[in-house]
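Content type compact mmCIF, C-alpha atoms, from the file my_file-v5.txt:
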# COMPACT_ATOMS: atom_id res chain seq x y z
CA MET A 1 0.00 0.00 0.00
CA THR A 2 2.83 2.28 0.35
CA ALA A 3 3.57 2.02 -3.30
CA ARG A 4 0.08 2.99 -4.05
CA ILE A 5 0.26 5.87 -1.63
CA GLU A 6 3.50 6.95 -3.11
CA SER A 7 2.14 6.79 -6.59
CA SER A 8 -0.90 8.66 -5.54
CA GLU A 9 1.23 11.25 -3.85
CA TYR A 10 3.20 11.52 -7.02
CA GLU A 11 0.00 11.94 -9.00
CA ILE A 12 -1.25 14.42 -6.49
CA GLU A 13 1.96 16.32 -6.79
CA GLN A 14 1.78 16.25 -10.54
CA PHE A 15 -1.86 17.23 -10.36
CA ASN A 16 -0.98 20.10 -8.01
CA HIS A 17 1.91 21.09 -10.22
CA SER A 18 -0.33 21.09 -13.34
CA GLN A 19 -2.99 22.95 -11.41
CA ALA A 20 -0.39 25.49 -10.29
CA GLU A 21 0.73 25.90 -13.90
CA LYS A 22 -2.88 26.36 -14.96
CA ILE A 23 -3.39 28.91 -12.22
CA VAL A 24 -0.20 30.70 -13.24
CA SER A 25 -1.23 30.67 -16.89
CA ILE A 26 -4.73 31.94 -15.95
CA LYS A 27 -3.14 34.73 -13.88
CA LYS A 28 -0.83 35.56 -16.79
CA LYS A 29 -3.79 35.67 -19.18
CA ARG A 30 -5.72 37.84 -16.70
CA LEU A 31 -2.74 40.16 -16.35
CA GLU A 32 -2.38 40.31 -20.13
CA ARG A 33 -6.09 41.11 -20.49
CA GLU A 34 -5.83 43.78 -17.81
CA LYS A 35 -2.76 45.19 -19.53
CA ALA A 36 -4.60 45.09 -22.86
CA LYS A 37 -7.60 46.86 -21.27
CA LYS A 38 -5.31 49.45 -19.71
CA LYS A 39 -3.50 49.88 -22.99
CA ALA A 40 -6.80 50.28 -24.87
CA LEU A 41 -8.06 52.74 -22.25
CA TYR A 42 -4.78 54.65 -22.46
CA GLN A 43 -5.10 54.76 -26.26
CA VAL A 44 -8.70 56.00 -26.02
CA VAL A 45 -7.69 58.69 -23.51
CA ASN A 46 -4.78 59.70 -25.74
CA LEU A 47 -7.13 59.82 -28.72
CA PHE A 48 -9.60 62.04 -26.85
CA CYS A 49 -6.78 64.28 -25.60
CA SER A 50 -5.42 64.58 -29.13
CA ILE A 51 -8.87 65.40 -30.48
CA ALA A 52 -9.39 67.95 -27.69
CA ILE A 53 -6.04 69.60 -28.41
CA VAL A 54 -6.82 69.71 -32.14
CA MET A 55 -10.26 71.20 -31.36
CA ILE A 56 -8.73 73.82 -29.06
CA PHE A 57 -6.25 74.83 -31.76
CA ALA A 58 -9.07 74.89 -34.33
CA VAL A 59 -11.15 77.16 -32.09
CA ILE A 60 -8.18 79.46 -31.45
CA PHE A 61 -7.32 79.55 -35.16
CA GLY A 62 -10.98 80.17 -36.04
CA SER A 63 -11.26 83.01 -33.54
CA ILE A 64 -8.08 84.59 -34.90
CA ILE A 65 -9.46 84.36 -38.43
CA PHE A 66 -12.81 85.81 -37.26
CA GLN A 67 -11.09 88.70 -35.48
CA ASN A 68 -8.97 89.40 -38.57
CA SER A 69 -12.11 89.44 -40.69
CA LEU A 70 -13.68 91.96 -38.28
CA VAL A 71 -10.54 94.11 -38.46
CA ASN A 72 -10.54 93.94 -42.26
CA GLU A 73 -14.24 94.84 -42.36
CA ALA A 74 -13.57 97.83 -40.08
CA LYS A 75 -10.68 98.91 -42.32
CA TYR A 76 -12.97 98.65 -45.35
CA ASP A 77 -15.61 100.75 -43.59
CA ILE A 78 -12.97 103.33 -42.61
CA PHE A 79 -11.76 103.47 -46.21
CA ASN A 80 -15.33 104.03 -47.46
CA LEU A 81 -15.96 106.70 -44.83
CA LYS A 82 -12.71 108.49 -45.72
CA SER A 83 -13.65 108.51 -49.39
CA GLU A 84 -17.11 109.82 -48.46
CA ILE A 85 -15.46 112.54 -46.35
CA LYS A 86 -13.27 113.50 -49.32
CA SER A 87 -16.28 113.76 -51.62
CA LEU A 88 -18.20 115.80 -49.04
CA ASN A 89 -15.20 118.10 -48.54
CA ALA A 90 -15.08 118.59 -52.31
CA LYS A 91 -18.79 119.50 -52.27
CA VAL A 92 -18.19 121.91 -49.37
CA GLU A 93 -15.37 123.59 -51.29
CA GLU A 94 -17.60 123.82 -54.35
CA MET A 95 -20.40 125.37 -52.28
CA ASN A 96 -17.95 127.79 -50.64
CA ALA A 97 -16.76 128.82 -54.10
CA LYS A 98 -20.38 129.39 -55.18
CA ILE A 99 -21.06 131.41 -52.02
CA GLU A 100 -17.92 133.44 -52.54
CA ASN A 101 -18.88 134.03 -56.16
CA HIS A 102 -22.36 135.18 -55.18
CA THR A 103 -21.13 137.46 -52.38
CA GLU A 104 -18.56 139.37 -54.42
CA LEU A 105 -19.40 143.07 -54.62
CA ASN A 106 -19.58 143.04 -58.41
CA ASN A 107 -22.16 140.25 -58.39
CA ILE A 108 -24.17 141.90 -55.61
CA GLU A 109 -24.14 145.18 -57.52
CA LYS A 110 -25.22 143.43 -60.73
CA ILE A 111 -28.11 141.63 -58.95
CA ALA A 112 -29.17 144.83 -57.18
CA ILE A 113 -29.25 146.84 -60.40
CA ASP A 114 -30.54 144.22 -62.87
CA GLU A 115 -32.89 142.06 -60.82
CA LEU A 116 -34.03 144.37 -58.02
CA GLY A 117 -34.08 147.59 -60.02
CA MET A 118 -31.95 149.49 -57.52
CA GLN A 119 -29.86 152.48 -58.51
CA TYR A 120 -27.13 154.65 -57.05
CA PRO A 121 -28.45 157.56 -54.91
CA THR A 122 -28.64 160.97 -56.48
CA LYS A 123 -27.06 164.02 -54.91
CA GLU A 124 -30.36 165.01 -53.34
CA GLN A 125 -30.74 161.61 -51.67
CA LEU A 126 -27.39 161.73 -49.89
CA VAL A 127 -27.42 162.47 -46.16
CA TYR A 128 -24.27 163.50 -44.36
CA ILE A 129 -23.84 162.88 -40.64
CA ASP A 130 -21.71 165.16 -38.50
CA SER A 131 -19.30 162.94 -36.59
CA ASN A 132 -18.55 165.62 -33.97
CA TYR A 133 -22.13 165.69 -32.73
CA SER A 134 -23.18 163.49 -29.78
CA TYR A 135 -26.16 161.34 -30.73
CA ALA A 136 -27.03 160.04 -27.27
CA LEU A 137 -30.68 160.26 -26.25
CA GLU A 138 -31.44 162.66 -23.48
CA THR A 139 -34.31 161.78 -21.19
CA PRO A 140 -36.18 164.48 -19.32
CA LYS A 141 -34.87 164.79 -15.80
CA PHE A 142 -38.23 165.15 -14.12
CA GLN A 143 -41.54 164.04 -15.52
CA THR A 144 -44.70 164.31 -13.47
CA ALA A 145 -47.69 162.05 -13.62
CA GLU A 146 -49.80 165.01 -14.77
CA SER A 147 -47.72 165.50 -17.90
CA ASN A 148 -48.15 161.80 -18.76
CA ASP A 149 -51.91 161.94 -18.16
CA THR A 150 -52.52 164.71 -20.66
CA GLY A 151 -52.64 162.15 -23.44
CA THR A 152 -51.45 164.54 -26.08
CA GLY A 153 -48.11 162.82 -26.63
CA ASN A 154 -46.58 166.05 -27.88
CA SER A 155 -43.47 165.66 -25.76
CA SER A 156 -42.67 162.21 -27.19
CA ASP A 157 -43.42 163.38 -30.74
CA GLN A 158 -41.13 166.33 -30.22
CA LEU A 159 -38.39 164.06 -28.84
CA VAL A 160 -38.60 161.77 -31.90
CA HIS A 161 -38.56 164.77 -34.23
CA ASP A 162 -35.49 166.21 -32.48
CA LEU A 163 -33.74 162.87 -32.64
CA VAL A 164 -34.43 162.39 -36.35
CA SER A 165 -33.39 165.91 -37.18
CA ALA A 166 -30.16 165.48 -35.19
CA LEU A 167 -29.36 162.22 -36.92
CA PHE A 168 -30.08 163.42 -40.40
CA LYS A 169 -28.68 166.90 -40.13
CA THR A 170 -27.58 167.78 -43.65
CA ASN A 171 -24.63 169.91 -44.56
CA ASN A 172 -25.85 173.05 -46.34
Could you spell out this file's structure in structure tokens?
Amino acid sequence: MTARIESSEYEIEQFNHSQAEKIVSIKKKRLEREKAKKKALYQVVNLFCSIAIVMIFAVIFGSIIFQNSLVNEAKYDIFNLKSEIKSLNAKVEEMNAKIENHTELNNIEKIAIDELGMQYPTKEQLVYIDSNYSYALETPKFQTAESNDTGTGNSSDQLVHDLVSALFKTNN
């Protein structure tokens, strides 16, 4: 019976050894699968990171292009406005030339004589003003309520007459 026990121990040992090898191979396969899963996950993460980086650069590049287009549009608008300013300045200069042409003394004289029928004053129509005379209005120093109530208005008429005669005093 010892031989049988020894053979069975040998078989048990071989069985244990084969089982240990199977366990080791199963563990190796599990480790390889875990490594493969980790490697696949790492590749997926790297792929997403790469895509994210490419998208970030695309967004930055797109925003730069958009900003440059806005700048170019503003430059185009400025150019158009400057050309409009130049044309308006030319119109202003043209209008100023027309105004200057119409306000020259020769043109005013021509319009006054031809269109309005005006003429130069005759010798009888000329009025000379004495520059040495003081033309300030003098108000009466004391005026009573009774003189205002008379209603005749002679004093004011006389004052206007004196003023007009002083202003238009002719040289005889």
Two-atom distance - CA of Ala97 (chain A), CA of Leu116 (chain A) (Å): 23.6 Å
Å distance separating CA of Ile129 (chain A) from CA of Leu167 (chain A), one decimal place: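 Between these atoms lies a distance of 6.7 Å.
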Atom-to-atom span, CA of Tyr120 (chain A) and CA of Ile108 (chain A), Å: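 Interatomic distance here is 13.2 Å.
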Kindly compute an axis-aligned box around the listed atoms of region 64-69 of chain A, allowing 4 Å on each side, and express its centre and edge lengths in Å to one decimal as JSON.
{"center_x": -10.4, "center_y": 86.9, "center_z": -37.8, "size_x": 12.7, "size_y": 13.1, "size_z": 13.8}
